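> One file: start16.tsv (TSV, C-alpha atoms).
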```
chain	number	residue	atom	x	y	z
A	127	MET	CA	-20.86	67.77	34.63
A	128	ASN	CA	-21.93	64.17	34.60
A	129	TYR	CA	-19.15	61.74	35.47
A	130	ASP	CA	-21.38	58.67	35.82
A	131	ALA	CA	-19.61	55.38	35.05
A	132	SER	CA	-16.35	57.15	34.14
A	133	CYS	CA	-14.29	54.69	36.22
A	134	PRO	CA	-13.96	51.31	34.48
A	135	LEU	CA	-13.99	49.41	37.79
A	136	THR	CA	-17.19	48.17	39.35
A	137	TYR	CA	-18.30	49.40	42.77
A	138	ALA	CA	-17.18	46.09	44.31
A	139	ASP	CA	-13.84	46.23	42.50
A	140	ILE	CA	-13.20	49.75	43.84
A	141	VAL	CA	-14.02	48.71	47.41
A	142	ASP	CA	-11.84	45.60	47.17
A	143	ALA	CA	-8.93	47.52	45.65
A	144	TYR	CA	-8.90	50.61	47.82
A	145	PHE	CA	-10.83	50.08	51.07
A	146	LEU	CA	-7.96	49.05	53.36
A	147	GLU	CA	-5.75	51.89	52.15
A	148	HIS	CA	-8.43	54.47	52.83
A	149	ARG	CA	-9.44	52.87	56.12
A	150	ALA	CA	-5.84	53.50	57.17
A	151	LYS	CA	-6.02	57.13	55.99
A	152	VAL	CA	-9.16	57.78	58.04
A	153	LEU	CA	-7.47	56.27	61.08
A	154	ASP	CA	-4.48	58.54	60.48
A	155	ILE	CA	-6.76	61.59	60.55
A	156	ALA	CA	-8.48	60.32	63.69
A	157	ALA	CA	-5.14	59.73	65.40
A	158	PHE	CA	-3.89	63.17	64.29
A	159	LEU	CA	-6.89	64.87	65.91
A	160	ASP	CA	-6.39	62.78	69.06
A	161	ARG	CA	-2.69	63.74	69.08
A	162	LEU	CA	-3.59	67.41	69.05
A	163	GLU	CA	-5.58	66.87	72.24
A	164	ARG	CA	-2.57	65.14	73.81
A	165	ALA	CA	-0.16	67.96	72.95
A	166	ALA	CA	2.57	68.59	75.54
A	167	ASP	CA	1.17	72.05	76.23
A	168	GLY	CA	-2.40	70.79	76.34
A	169	PRO	CA	-5.13	71.14	73.70
A	170	ALA	CA	-5.38	74.57	72.08
A	171	GLU	CA	-8.21	76.84	73.20
A	172	LYS	CA	-8.80	77.67	69.55
A	173	ASP	CA	-7.88	75.51	66.58
A	174	ASP	CA	-5.02	76.55	64.35
A	175	PHE	CA	-6.64	77.78	61.12
A	176	ARG	CA	-5.26	74.75	59.26
A	177	VAL	CA	-6.88	72.34	61.69
A	178	ALA	CA	-10.12	74.29	61.59
A	179	ALA	CA	-10.05	74.11	57.80
A	180	LEU	CA	-9.42	70.38	57.97
A	181	ARG	CA	-12.40	69.88	60.25
A	182	GLU	CA	-14.53	71.87	57.80
A	183	ALA	CA	-13.23	69.78	54.91
A	184	LEU	CA	-14.19	66.60	56.72
A	185	LEU	CA	-17.79	67.76	56.81
A	186	LEU	CA	-17.79	68.00	53.02
A	187	LEU	CA	-16.93	64.34	52.71
A	188	SER	CA	-20.23	63.16	54.10
A	189	ASP	CA	-22.65	65.77	52.76
A	190	GLY	CA	-23.84	63.50	49.97
A	191	ASP	CA	-22.69	65.73	47.11
A	192	GLY	CA	-20.09	64.75	44.49
A	193	GLU	CA	-16.79	66.30	43.37
A	194	ARG	CA	-15.51	66.09	46.94
A	195	ALA	CA	-11.82	66.45	45.99
A	196	LYS	CA	-12.51	69.61	44.01
A	197	ARG	CA	-14.69	71.08	46.75
A	198	VAL	CA	-12.09	70.34	49.44
A	199	LEU	CA	-9.40	72.05	47.34
A	200	ASP	CA	-11.70	75.01	46.73
A	201	LEU	CA	-12.36	75.24	50.47
A	202	LEU	CA	-8.63	75.26	51.21
A	203	SER	CA	-7.87	77.88	48.52
A	204	ASP	CA	-6.98	81.53	48.99
A	205	ALA	CA	-10.13	83.39	47.94
A	206	THR	CA	-8.68	86.89	48.24
A	207	GLU	CA	-8.15	89.07	45.15
A	208	THR	CA	-5.35	91.31	46.40
A	209	MET	CA	-1.73	90.83	45.34
A	210	PRO	CA	1.19	91.81	47.60
A	211	GLN	CA	4.00	93.72	45.90
A	212	SER	CA	6.63	91.17	46.87
A	213	ALA	CA	7.06	87.88	48.67
A	214	ALA	CA	9.35	89.40	51.29
A	215	ASN	CA	8.32	88.03	54.69
A	216	ALA	CA	5.81	85.70	53.01
A	217	LYS	CA	5.55	82.22	54.46
A	218	PHE	CA	5.79	79.03	52.49
A	219	ALA	CA	2.44	77.70	51.35
A	220	LEU	CA	0.72	76.21	54.39
A	221	GLY	CA	-2.04	74.15	52.79
A	222	ALA	CA	-5.02	76.24	53.86
A	223	ALA	CA	-5.89	79.90	53.58
A	224	PRO	CA	-6.03	81.65	56.97
A	225	GLU	CA	-9.50	83.02	56.35
A	226	VAL	CA	-10.94	79.49	55.97
A	227	GLY	CA	-10.35	78.49	59.54
A	228	GLN	CA	-11.35	81.77	61.16
B	18	MET	CA	6.05	50.37	26.75
B	19	ASN	CA	8.09	53.52	26.14
B	20	TYR	CA	7.17	56.71	27.93
B	21	ILE	CA	8.25	60.38	28.04
B	22	GLU	CA	8.96	62.16	31.33
B	23	PRO	CA	7.80	65.63	30.31
B	24	HIS	CA	8.78	67.46	33.53
B	25	GLY	CA	11.75	66.08	35.46
B	26	HIS	CA	14.34	68.09	37.40
B	27	MET	CA	17.22	65.76	36.72
B	28	VAL	CA	19.85	68.09	38.13
B	29	SER	CA	18.42	66.95	41.48
B	30	ARG	CA	18.72	63.23	40.72
B	31	THR	CA	21.48	60.69	40.83
B	32	THR	CA	22.79	58.89	37.78
B	33	ALA	CA	21.21	55.73	39.21
B	34	ASP	CA	17.82	57.43	38.75
B	35	TYR	CA	18.55	57.85	35.04
B	36	GLU	CA	19.26	54.11	34.92
B	37	ARG	CA	16.04	53.24	36.76
B	38	MET	CA	14.00	55.49	34.48
B	39	ALA	CA	15.58	53.93	31.38
B	40	LEU	CA	14.82	50.45	32.72
B	41	ALA	CA	11.19	51.53	33.23
B	42	GLY	CA	10.91	52.59	29.57
B	43	CYS	CA	11.74	56.30	29.66
B	44	VAL	CA	13.02	57.42	26.25
B	45	ALA	CA	12.98	61.21	26.69
B	46	ILE	CA	13.00	63.76	29.49
B	47	SER	CA	12.12	67.44	29.31
B	48	GLU	CA	13.62	69.44	32.17
B	49	PRO	CA	12.33	72.91	33.00
B	50	ALA	CA	14.53	75.49	34.70
B	51	PHE	CA	13.47	75.89	38.33
B	52	TRP	CA	14.31	77.10	41.82
B	53	ALA	CA	17.18	74.94	42.99
B	54	GLY	CA	16.29	75.10	46.69
B	55	PHE	CA	18.13	78.32	47.39
B	56	ASP	CA	18.23	81.81	45.86
B	57	ARG	CA	21.19	82.42	43.54
B	58	ASP	CA	22.90	85.76	44.07
B	59	SER	CA	24.42	86.34	40.65
B	60	VAL	CA	23.55	86.14	36.97
B	61	LYS	CA	26.62	83.92	36.63
B	62	GLY	CA	24.88	81.39	38.88
B	63	PHE	CA	22.07	81.16	36.33
B	64	TYR	CA	24.52	81.06	33.44
B	65	ASP	CA	26.18	78.00	34.97
B	66	TYR	CA	22.79	76.37	35.65
B	67	PHE	CA	21.64	76.93	32.06
B	68	ARG	CA	24.90	75.38	30.85
B	69	GLN	CA	24.19	72.37	33.08
B	70	LEU	CA	20.75	72.02	31.47
B	71	THR	CA	21.99	72.41	27.91
B	72	GLU	CA	25.35	70.60	28.08
B	73	TYR	CA	25.86	68.30	31.06
B	74	GLU	CA	22.43	66.71	31.58
B	75	PRO	CA	22.00	65.73	27.90
B	76	ALA	CA	25.33	63.90	28.10
B	77	ARG	CA	24.37	62.16	31.35
B	78	ALA	CA	21.01	61.06	29.92
B	79	LYS	CA	22.55	59.85	26.68
B	80	LYS	CA	24.53	57.19	28.56
B	81	PHE	CA	21.22	55.47	29.23
B	82	GLY	CA	19.68	55.98	25.81
B	83	ILE	CA	17.45	58.82	27.05
B	84	ALA	CA	17.03	61.98	24.98
B	85	HIS	CA	17.28	65.07	27.18
B	86	PHE	CA	15.54	68.38	26.45
B	87	CYS	CA	15.13	71.46	28.61
B	88	TRP	CA	13.41	74.80	29.12
B	89	ILE	CA	15.10	78.06	30.07
B	90	CYS	CA	13.80	80.87	32.30
B	91	ILE	CA	14.11	82.54	35.66
B	92	ASN	CA	11.71	80.74	37.97
B	93	PRO	CA	8.87	82.64	39.68
B	94	LYS	CA	10.38	82.46	43.16
B	95	GLU	CA	13.60	84.19	42.17
B	96	GLY	CA	11.57	86.37	39.80
B	97	ASP	CA	10.23	88.22	42.85
B	98	ASP	CA	13.29	90.51	42.57
B	99	PRO	CA	12.47	92.21	39.24
B	100	GLY	CA	15.77	94.07	38.87
B	101	PHE	CA	17.82	90.93	39.26
B	102	ALA	CA	15.36	88.89	37.20
B	103	ARG	CA	15.68	91.30	34.26
B	104	GLU	CA	19.45	90.80	34.31
B	105	VAL	CA	18.92	87.04	34.12
B	106	ILE	CA	16.38	87.43	31.30
B	107	GLU	CA	19.03	89.24	29.25
B	108	ILE	CA	21.14	86.06	29.01
B	109	ILE	CA	18.22	83.77	28.11
B	110	PRO	CA	18.02	84.43	24.31
B	111	ASP	CA	21.48	82.94	23.73
B	112	PHE	CA	20.39	79.73	25.45
B	113	LEU	CA	17.15	79.53	23.44
B	114	LYS	CA	19.41	78.79	20.44
B	115	LYS	CA	20.81	75.61	22.02
B	116	PRO	CA	19.76	72.40	20.27
B	117	ASN	CA	17.98	70.75	23.24
B	118	VAL	CA	15.94	73.79	24.33
B	119	LEU	CA	12.17	73.47	23.82
B	120	GLY	CA	10.97	76.81	25.10
B	121	VAL	CA	10.60	79.21	28.02
B	122	GLY	CA	9.74	77.59	31.34
B	123	GLU	CA	8.77	76.89	33.93
B	124	ILE	CA	7.53	80.43	34.33
B	125	GLY	CA	4.53	81.40	36.44
B	126	LEU	CA	3.81	82.54	39.96
B	127	ASN	CA	4.91	81.35	43.39
B	128	LYS	CA	3.30	83.62	46.00
B	129	ASN	CA	1.07	85.52	43.57
B	130	THR	CA	2.92	88.83	43.96
B	131	LYS	CA	2.96	91.87	41.68
B	132	ASN	CA	6.73	91.49	41.27
B	133	GLU	CA	6.35	87.88	40.14
B	134	LEU	CA	3.66	88.95	37.69
B	135	ILE	CA	5.91	91.63	36.16
B	136	ILE	CA	8.56	89.00	35.42
B	137	LEU	CA	6.00	86.47	34.23
B	138	GLU	CA	4.70	89.00	31.70
B	139	ALA	CA	8.26	89.83	30.59
B	140	GLN	CA	8.99	86.15	29.97
B	141	ILE	CA	5.69	85.55	28.16
B	142	ASP	CA	6.69	88.38	25.86
B	143	LEU	CA	10.17	86.91	25.45
B	144	ALA	CA	8.69	83.54	24.47
B	145	VAL	CA	6.33	85.10	21.93
B	146	LYS	CA	9.07	87.23	20.37
B	147	HIS	CA	11.31	84.17	19.99
B	148	ASN	CA	8.44	81.89	18.85
B	149	GLN	CA	8.97	79.56	21.81
B	150	LEU	CA	6.68	77.11	23.57
B	151	ILE	CA	5.76	78.04	27.16
B	152	LEU	CA	5.74	75.76	30.21
B	153	VAL	CA	3.96	77.19	33.25
B	154	HIS	CA	4.48	76.51	36.94
B	155	THR	CA	1.41	77.12	39.09
B	156	PRO	CA	1.66	77.96	42.81
B	157	HIS	CA	1.52	75.46	45.61
B	158	LEU	CA	-1.35	74.49	47.86
B	159	GLU	CA	-3.72	77.29	48.91
B	160	ASP	CA	-2.20	79.72	46.37
B	161	LYS	CA	-2.81	77.48	43.34
B	162	ARG	CA	-6.35	78.37	42.23
B	163	LYS	CA	-5.84	82.12	42.51
B	164	GLY	CA	-2.41	81.95	40.88
B	165	THR	CA	-3.58	79.76	38.02
B	166	ARG	CA	-6.29	82.27	37.17
B	167	ILE	CA	-3.88	85.24	37.27
B	168	ILE	CA	-1.43	83.35	35.04
B	169	MET	CA	-4.09	82.47	32.47
B	170	ASP	CA	-5.23	86.10	32.39
B	171	ALA	CA	-1.64	87.23	31.78
B	172	LEU	CA	-1.22	84.73	28.95
B	173	LEU	CA	-4.49	85.61	27.25
B	174	ASN	CA	-4.08	89.37	27.77
B	175	HIS	CA	-0.71	89.34	25.98
B	176	GLY	CA	-2.43	88.96	22.62
B	177	GLY	CA	0.36	86.97	20.97
B	178	VAL	CA	0.02	83.70	22.89
B	179	GLU	CA	-1.52	80.66	21.23
B	180	PRO	CA	-3.01	78.59	24.09
B	181	ASP	CA	-2.23	75.27	22.43
B	182	ARG	CA	1.48	76.18	22.60
B	183	VAL	CA	1.28	76.58	26.38
B	184	LEU	CA	1.23	73.82	28.98
B	185	ILE	CA	0.02	74.78	32.46
B	186	ASP	CA	1.46	72.34	34.96
B	187	HIS	CA	0.60	71.09	38.44
B	188	VAL	CA	-3.17	71.16	37.83
B	189	GLU	CA	-5.47	69.50	40.34
B	190	GLU	CA	-9.19	68.88	40.56
B	191	HIS	CA	-10.00	72.56	41.18
B	192	THR	CA	-7.96	73.96	38.27
B	193	VAL	CA	-7.89	71.36	35.50
B	194	ALA	CA	-11.26	72.22	33.94
B	195	GLU	CA	-10.53	75.97	33.69
B	196	VAL	CA	-7.14	75.31	32.09
B	197	LEU	CA	-8.51	72.91	29.48
B	198	ASP	CA	-11.58	75.03	28.79
B	199	LYS	CA	-9.35	77.97	27.85
B	200	GLY	CA	-7.52	75.86	25.27
B	201	PHE	CA	-4.26	75.30	27.16
B	202	TRP	CA	-2.56	71.96	27.72
B	203	ALA	CA	-2.58	70.72	31.31
B	204	GLY	CA	-0.01	68.75	33.28
B	205	MET	CA	-0.56	66.71	36.42
B	206	THR	CA	2.43	66.39	38.72
B	207	LEU	CA	2.58	63.16	40.68
B	208	TYR	CA	3.81	63.79	44.21
B	209	PRO	CA	3.41	61.60	47.27
B	210	GLU	CA	1.99	64.41	49.45
B	211	THR	CA	1.28	67.64	47.60
B	212	LYS	CA	-0.10	67.98	44.06
B	213	CYS	CA	-1.57	64.69	42.68
B	214	THR	CA	-1.24	61.09	43.77
B	215	THR	CA	-1.35	58.46	41.03
B	216	GLN	CA	-4.89	57.50	42.09
B	217	ARG	CA	-6.15	61.08	41.90
B	218	ALA	CA	-4.45	61.58	38.55
B	219	ALA	CA	-6.26	58.51	37.24
B	220	ASP	CA	-9.53	59.91	38.63
B	221	ILE	CA	-8.93	63.24	36.85
B	222	ILE	CA	-8.26	61.42	33.58
B	223	GLU	CA	-11.49	59.48	33.97
B	224	MET	CA	-13.43	62.68	34.63
B	225	TYR	CA	-11.79	65.04	32.13
B	226	GLY	CA	-10.52	62.72	29.39
B	227	THR	CA	-7.12	62.30	27.76
B	228	GLU	CA	-7.06	65.29	25.42
B	229	ARG	CA	-4.32	67.92	26.02
B	230	LEU	CA	-3.32	66.26	29.30
B	231	TRP	CA	-0.05	64.73	30.48
B	232	MET	CA	1.45	63.35	33.68
B	233	ASN	CA	4.90	64.02	35.08
B	234	SER	CA	6.92	63.24	38.17
B	235	ALA	CA	8.75	66.60	38.53
B	236	CYS	CA	11.27	64.51	40.53
B	237	ASP	CA	13.02	67.49	42.08
B	238	TRP	CA	14.99	67.85	45.31
B	239	GLY	CA	11.84	67.44	47.43
B	240	ILE	CA	10.09	64.21	48.39
B	241	SER	CA	9.31	62.93	44.92
B	242	ASP	CA	9.61	59.83	42.77
B	243	PRO	CA	11.32	59.69	39.36
B	244	LEU	CA	9.28	56.55	38.59
B	245	ALA	CA	5.94	58.21	39.30
B	246	VAL	CA	4.85	58.13	35.65
B	247	PRO	CA	5.34	54.37	35.22
B	248	LYS	CA	3.56	53.89	38.55
B	249	ALA	CA	0.63	55.95	37.27
B	250	ARG	CA	0.55	53.73	34.19
B	251	MET	CA	0.26	50.72	36.52
B	252	GLU	CA	-2.66	52.41	38.29
B	253	LEU	CA	-4.44	53.02	34.99
B	254	LYS	CA	-3.80	49.43	33.90
B	255	ARG	CA	-5.08	48.13	37.24
B	256	ARG	CA	-8.34	49.97	36.61
B	257	GLY	CA	-8.74	48.44	33.17
B	258	HIS	CA	-7.78	51.36	30.94
B	259	SER	CA	-6.59	50.33	27.49
B	260	GLU	CA	-2.96	50.18	26.45
B	261	ALA	CA	-3.81	52.75	23.78
B	262	ALA	CA	-5.17	55.21	26.34
B	263	ILE	CA	-2.16	54.73	28.62
B	264	LYS	CA	0.22	55.27	25.69
B	265	ARG	CA	-1.71	58.37	24.65
B	266	LEU	CA	-1.24	59.93	28.09
B	267	THR	CA	2.36	58.99	28.71
B	268	TYR	CA	3.90	59.06	25.24
B	269	ASP	CA	1.66	60.43	22.49
B	270	ASN	CA	0.41	63.53	24.31
B	271	PRO	CA	3.80	64.79	25.50
B	272	HIS	CA	5.21	63.93	22.08
B	273	THR	CA	2.49	65.95	20.35
B	274	PHE	CA	2.91	69.02	22.55
B	275	LEU	CA	6.70	69.01	22.63
B	276	SER	CA	6.96	68.37	18.87
B	277	GLN	CA	5.68	71.89	18.34
B	278	SER	CA	9.31	72.81	19.02
B	279	PRO	CA	11.56	71.99	16.05
B	280	ASN	CA	14.21	70.89	18.57
B	281	PHE	CA	12.14	67.96	19.83
B	282	ASN	CA	13.39	65.05	17.78
B	283	LEU	CA	13.58	61.52	19.13
B	284	PRO	CA	16.12	59.11	17.65
B	285	GLY	CA	14.60	56.24	15.68
```
As structure tokens, please, write out the structure in this file.

Amino acid sequence: MNYDASCPLTYADIVDAYFLEHRAKVLDIAAFLDRLERAADGPAEKDDFRVAALREALLLLSDGDGERAKRVLDLLSDATETMPQSAANAKFALGAAPEVGQ
Amino acid sequence: MNYIEPHGHMVSRTTADYERMALAGCVAISEPAFWAGFDRDSVKGFYDYFRQLTEYEPARAKKFGIAHFCWICINPKEGDDPGFAREVIEIIPDFLKKPNVLGVGEIGLNKNTKNELIILEAQIDLAVKHNQLILVHTPHLEDKRKGTRIIMDALLNHGGVEPDRVLIDHVEEHTVAEVLDKGFWAGMTLYPETKCTTQRAADIIEMYGTERLWMNSACDWGISDPLAVPKARMELKRRGHSEAAIKRLTYDNPHTFLSQSPNFNLPG
């Protein structure tokens, strides 16, 4: 679909309104990744699947294509087609599907 | 400007929240039945909860000039025990006759299990047989896209469901188009961390339009904000959207969908 000019704000307006907030969010991600390396038990030999999925999602942000939010959500989604009989022993939703980060 | 909170779990909120919502312009709340943070172990527990939704909350809202409506169901999380869920479903028809009940909801899926699907299908059938509107909960986080698709298949496979009498809630960028394309209404839930932020909700509106779309706060027992809808209106205003468009999203659209129930009547 074509979403050109669907936001009423100009490019400059958008930057002025939102840049600092999103600068802070990028710094939060950077600090989170640094924190993982400073973990009390040392950095993990292999990323947790959620962290691996996050790293993969970050690559999408700078690939030059649009609909980044949708594509990140698609990346983090469970792509399996099977249904368990019950939720017994199921974990709460974790934010990424295990197969994404493996 | 008046607004409608079309999905608010007021049993989780203080009376001060009712006051704050009234001060912000809220004139009506619709409250779906949901998982209260723990599994109830008796049908009587649900009976008491449904009485709270149909008797106590309307009285609490009325003190602040807010009309209170609700939806009745067994939620998908507790629906994972089909035997117990069927016992709860047996008491639902009596509550559908209460004057502030708008329909069956929020039904749906939680962990996308076969048990949950059995109870979802039973409650879809219940809604159709009693000519009720349907409000749908979609799963959280990584389960959402798969669950939303299974739910839509169940609704359309029933044969008696009219999509424009169903609202599918908690849509995000990866589910909104499919929901609207199939003729359902879509709801965006404004949460600080999961679901949609006010900025992303405004983005979705800009990309997908204002038809068959509403915004709600959910404002349950989790980290949530009962003033999320007025804050989203501020975001839309900040971006230069018209007063008419903002009113359409936060008053006219919920009013249009909910008015399909004969019980949805606003004073004045």
> Under the rule that only C-alpha atoms are counted, which of A:Ala170, A:Leu162, A:Ile140, A:Ala178 is the nearest residue to chain B?
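Among the listed residues, A:Ile140 lies closest to chain B.
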> Counting only C-alpha atoms, which of B:Leu253, B:Ile108, B:Val183, B:Val118 gets nearest to chain A?
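The shortest atom-to-atom distance to chain A comes from B:Leu253.
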> Given a cut-off of 10 Å, which residues of chain A touch chain B, counting all atoms listed in the file, written out as a ChimeraX atom specification?
/A:127-136,139-140,143-144,193-214,216-224
> For those residues, write C-alpha atoms to a file as a PDB file, in the coordinates of the input.

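Result file is out_39.pdb:
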```pdb
ATOM      1  CA  MET A 127     -20.860  67.770  34.630  1.00  0.00           C
ATOM      2  CA  ASN A 128     -21.930  64.170  34.600  1.00  0.00           C
ATOM      3  CA  TYR A 129     -19.150  61.740  35.470  1.00  0.00           C
ATOM      4  CA  ASP A 130     -21.380  58.670  35.820  1.00  0.00           C
ATOM      5  CA  ALA A 131     -19.610  55.380  35.050  1.00  0.00           C
ATOM      6  CA  SER A 132     -16.350  57.150  34.140  1.00  0.00           C
ATOM      7  CA  CYS A 133     -14.290  54.690  36.220  1.00  0.00           C
ATOM      8  CA  PRO A 134     -13.960  51.310  34.480  1.00  0.00           C
ATOM      9  CA  LEU A 135     -13.990  49.410  37.790  1.00  0.00           C
ATOM     10  CA  THR A 136     -17.190  48.170  39.350  1.00  0.00           C
ATOM     11  CA  ASP A 139     -13.840  46.230  42.500  1.00  0.00           C
ATOM     12  CA  ILE A 140     -13.200  49.750  43.840  1.00  0.00           C
ATOM     13  CA  ALA A 143      -8.930  47.520  45.650  1.00  0.00           C
ATOM     14  CA  TYR A 144      -8.900  50.610  47.820  1.00  0.00           C
ATOM     15  CA  GLU A 193     -16.790  66.300  43.370  1.00  0.00           C
ATOM     16  CA  ARG A 194     -15.510  66.090  46.940  1.00  0.00           C
ATOM     17  CA  ALA A 195     -11.820  66.450  45.990  1.00  0.00           C
ATOM     18  CA  LYS A 196     -12.510  69.610  44.010  1.00  0.00           C
ATOM     19  CA  ARG A 197     -14.690  71.080  46.750  1.00  0.00           C
ATOM     20  CA  VAL A 198     -12.090  70.340  49.440  1.00  0.00           C
ATOM     21  CA  LEU A 199      -9.400  72.050  47.340  1.00  0.00           C
ATOM     22  CA  ASP A 200     -11.700  75.010  46.730  1.00  0.00           C
ATOM     23  CA  LEU A 201     -12.360  75.240  50.470  1.00  0.00           C
ATOM     24  CA  LEU A 202      -8.630  75.260  51.210  1.00  0.00           C
ATOM     25  CA  SER A 203      -7.870  77.880  48.520  1.00  0.00           C
ATOM     26  CA  ASP A 204      -6.980  81.530  48.990  1.00  0.00           C
ATOM     27  CA  ALA A 205     -10.130  83.390  47.940  1.00  0.00           C
ATOM     28  CA  THR A 206      -8.680  86.890  48.240  1.00  0.00           C
ATOM     29  CA  GLU A 207      -8.150  89.070  45.150  1.00  0.00           C
ATOM     30  CA  THR A 208      -5.350  91.310  46.400  1.00  0.00           C
ATOM     31  CA  MET A 209      -1.730  90.830  45.340  1.00  0.00           C
ATOM     32  CA  PRO A 210       1.190  91.810  47.600  1.00  0.00           C
ATOM     33  CA  GLN A 211       4.000  93.720  45.900  1.00  0.00           C
ATOM     34  CA  SER A 212       6.630  91.170  46.870  1.00  0.00           C
ATOM     35  CA  ALA A 213       7.060  87.880  48.670  1.00  0.00           C
ATOM     36  CA  ALA A 214       9.350  89.400  51.290  1.00  0.00           C
ATOM     37  CA  ALA A 216       5.810  85.700  53.010  1.00  0.00           C
ATOM     38  CA  LYS A 217       5.550  82.220  54.460  1.00  0.00           C
ATOM     39  CA  PHE A 218       5.790  79.030  52.490  1.00  0.00           C
ATOM     40  CA  ALA A 219       2.440  77.700  51.350  1.00  0.00           C
ATOM     41  CA  LEU A 220       0.720  76.210  54.390  1.00  0.00           C
ATOM     42  CA  GLY A 221      -2.040  74.150  52.790  1.00  0.00           C
ATOM     43  CA  ALA A 222      -5.020  76.240  53.860  1.00  0.00           C
ATOM     44  CA  ALA A 223      -5.890  79.900  53.580  1.00  0.00           C
ATOM     45  CA  PRO A 224      -6.030  81.650  56.970  1.00  0.00           C
TER      46      PRO A 224
END
```
> May I have the protein, DNA and RNA residues with any atom at most 8 Å from the point (10.0, 75.8, 41.9), counting only C-alpha atoms, written as a VMD selection string?
chain B and resid 51 to 54 92 to 94 127 154
> Go ahead and dump the residues you just picked, C-alpha atoms, as a PDB file, in the frame of the given file.

```
ATOM      1  CA  PHE B  51      13.470  75.890  38.330  1.00  0.00           C
ATOM      2  CA  TRP B  52      14.310  77.100  41.820  1.00  0.00           C
ATOM      3  CA  ALA B  53      17.180  74.940  42.990  1.00  0.00           C
ATOM      4  CA  GLY B  54      16.290  75.100  46.690  1.00  0.00           C
ATOM      5  CA  ASN B  92      11.710  80.740  37.970  1.00  0.00           C
ATOM      6  CA  PRO B  93       8.870  82.640  39.680  1.00  0.00           C
ATOM      7  CA  LYS B  94      10.380  82.460  43.160  1.00  0.00           C
ATOM      8  CA  ASN B 127       4.910  81.350  43.390  1.00  0.00           C
ATOM      9  CA  HIS B 154       4.480  76.510  36.940  1.00  0.00           C
TER      10      HIS B 154
END
```
> Could you list as an mmCIF file with C-alpha atoms, in the frame of the given file every residue that has an atom within 7 Å of (1.8, 69.9, 37.5), using the file's coordinates and counting only C-alpha atoms?

```
data_model
loop_
_atom_site.group_PDB
_atom_site.id
_atom_site.type_symbol
_atom_site.label_atom_id
_atom_site.label_comp_id
_atom_site.auth_asym_id
_atom_site.auth_seq_id
_atom_site.Cartn_x
_atom_site.Cartn_y
_atom_site.Cartn_z
ATOM 1 C CA ASP B 186 1.460 72.340 34.960
ATOM 2 C CA HIS B 187 0.600 71.090 38.440
ATOM 3 C CA VAL B 188 -3.170 71.160 37.830
ATOM 4 C CA GLY B 204 -0.010 68.750 33.280
ATOM 5 C CA MET B 205 -0.560 66.710 36.420
ATOM 6 C CA THR B 206 2.430 66.390 38.720
#
```
> So how far away is atom CA of Phe67 of chain B from atom CA of Cys90 of chain B, in Å?
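We find that atom CA of Cys90 of chain B and atom CA of Phe67 of chain B lie 8.8 Å from each other.
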